[in-house]
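Data first, discussion second: the structure below is written as structure tokens.
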Amino acid sequence: MAPKVGVALGSGGVRGFAHLGALRVLEDHEIPIDCLAGSSMGSVVAVLYASGIELKYLIKLAEHMRRSLLVDYTVPRFGLLKGERVRELIALLTKNKRLEELSIPTAVVATDLVTGDPVVLRQGSIADAVRASISIPGIFEPVEWDGRLLVDGGVVDRVPMQVLREMGADVVIGVDVSHKSVPVKIHSIYEVILQTIDIMESQIFRGRISPDDVLIRPEVGQYSPLSFQNISEIIAEGERATRAVIDEIAARVWGANR
């Protein structure tokens with residue numbers, strides 16, 4: 001029997017569009033995707049892909065995306081942005097579906113702001129779940145969900161590979177778009193917050209990589225997690241990084257049968 005393949009898409013702001021490039025290479029090499037898990041921006045890509053939208057259309061959408069479509073400032077209380085525009089866009093693109101209705105089983109990861117526990121969402125409104133998962137502390141207002149106050153899933157589980165194991169995946173592929181090989185330039189309060197969280201996430205993530213997993217790490221650290229000006233390059237880097245390990249992935253999926 002063929003192994004069950006799971007793909008975990010990690011947090012990273014706009015750098016998360018590299019996930020589209022990774023998925024394109026997996027598709028080109030006929031790697032089956034039996035389940036998905038995503039944190040923050042990874043959850044956005046995961047639910048859109050699992051909803052059945054063709055990858056070529058998702059890539060076109062990403063390349064024409066502008067920050068003004070997603071930003072809705074509010075009087076700061078728990079966050080600088082309300083996040084309603086993002087929620088409405090996800091609801092529109094997924095036709096107001098629920099997580100349990102997705103064609104590929106998908107988990108969206110958020111963080112309980114009070115307890116610090118990871119919260120894995122497998123049922124309920126897709127748009128609300130994603131809105132919770134992208135709630136970067138200090139930037140987006142948290143989301144109330146079943147009596148809990150939820151924030152960005154990447155805070156405790158940047159690339160949710162363990163979630164895929166719990167979903168029954170035999171082969172786990174993670175895409176980490178927060179890897180940096182160049183110094184980061186800080187230009188705004190938003191980037192101060194994101195860099196601070198990223199440092200914390202990196203320390204947690206180091207101890208969670210299993211030698212049995214395949215980790216794809218696109219070199220997108222030179223791009224701002226907030227800028228929409230280099231989307232095509234970010235997607236292309238996702239493709240390059242995935243091609244670099246595609247033979248290993250194919251061997252784990254197909255073994256000696258191909």
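Going through the structure tokens in order, the chains are called A, B, and so on, while each chain numbers its residues from 1 and the ligands are numbered from 1 in the order shown.
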Quick one: everything within 9 Å of A:Trp145, counting only C-alpha atoms, minus sequence neighbours fewer than 3 positions away in the same chain. Send it as a VMD selection string.
chain A and resid 128 to 129 132 148 to 150
For the residues in the current selection, export N, CA, C and O atoms as a short mmCIF file (atom, residue, chain, number, x, y, z; two decimals), in the first residue's frame.
data_model
loop_
_atom_site.label_atom_id
_atom_site.label_comp_id
_atom_site.auth_asym_id
_atom_site.auth_seq_id
_atom_site.Cartn_x
_atom_site.Cartn_y
_atom_site.Cartn_z
N ASP A 128 -12.50 31.65 9.53
CA ASP A 128 -12.24 31.98 10.92
C ASP A 128 -10.98 31.29 11.44
O ASP A 128 -10.21 31.86 12.22
N ALA A 129 -10.79 30.04 11.01
CA ALA A 129 -9.60 29.29 11.44
C ALA A 129 -8.32 29.96 10.92
O ALA A 129 -7.35 30.14 11.67
N ALA A 132 -7.52 33.15 12.69
CA ALA A 132 -6.87 32.90 13.97
C ALA A 132 -5.40 32.57 13.77
O ALA A 132 -4.51 33.09 14.47
N ARG A 148 -11.66 30.38 23.75
CA ARG A 148 -10.21 30.61 23.75
C ARG A 148 -9.86 31.86 22.96
O ARG A 148 -10.59 32.25 22.04
N LEU A 149 -8.73 32.46 23.31
CA LEU A 149 -8.22 33.61 22.57
C LEU A 149 -7.01 33.13 21.77
O LEU A 149 -5.98 32.76 22.35
N LEU A 150 -7.15 33.12 20.45
CA LEU A 150 -6.15 32.50 19.60
C LEU A 150 -5.31 33.52 18.84
O LEU A 150 -5.81 34.55 18.39
#
Neighbouring residues of A:Leu215 were defined as those with any atom within 8 Å, considering only C-alpha atoms; residues of the same chain fewer than 4 positions away were excluded. Please report them as a PyMOL selection string.
chain A and resi 173-176
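Between A:Pro160 and the candidates A:Ala91, A:Val7, A:Ile59, A:Ile139, the tightest atom-to-atom separation, counting only C-alpha atoms, involves A:Val7.
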Near A:Ala46, counting only C-alpha atoms, which residues have an atom at most 8 Å away, once you skip same-chain residues fewer than 4 positions from it, shown as an mmCIF file with C-alpha atoms, in the first residue's frame?
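out34.cif, freshly written:
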data_model
loop_
_atom_site.group_PDB
_atom_site.id
_atom_site.type_symbol
_atom_site.label_atom_id
_atom_site.label_comp_id
_atom_site.auth_asym_id
_atom_site.auth_seq_id
_atom_site.Cartn_x
_atom_site.Cartn_y
_atom_site.Cartn_z
ATOM 1 C CA LEU A 9 3.460 24.686 5.293
ATOM 2 C CA LEU A 36 -1.928 19.244 4.805
ATOM 3 C CA ALA A 37 -1.156 21.318 7.886
ATOM 4 C CA GLY A 38 -0.367 25.011 8.014
ATOM 5 C CA GLY A 42 1.112 28.395 5.567
ATOM 6 C CA ALA A 50 -7.071 21.961 -0.385
ATOM 7 C CA THR A 106 -6.253 19.961 6.352
#
Would you mind telling me which residue in A:Pro118, A:Gly21, A:Gly255, A:Gly83 lies nearest to A:Arg243 when using only C-alpha atoms?
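Once distances to A:Arg243 are computed over only C-alpha atoms, the minimum belongs to A:Gly21.
Of the listed residues (A:Arg158, A:Arg131, A:Arg217, A:Arg98), A:Arg217 comes nearest to A:Glu237; the distances count only C-alpha atoms.
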Pick from A:Asp157, A:Glu54, A:Asp117, A:Asp28 nearest to A:Ser11, counting only C-alpha atoms:
A:Asp157
Between A:Arg87, A:Lys56, A:Lys4, A:Arg165, which one has atoms that come closest to A:Ile31, using only C-alpha atoms?
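Checking each candidate against A:Ile31, we get A:Lys4 as the closest.
We find atom CA of A:Ala8 and atom CA of A:Ser40 to be spaced 11.4 Å apart.
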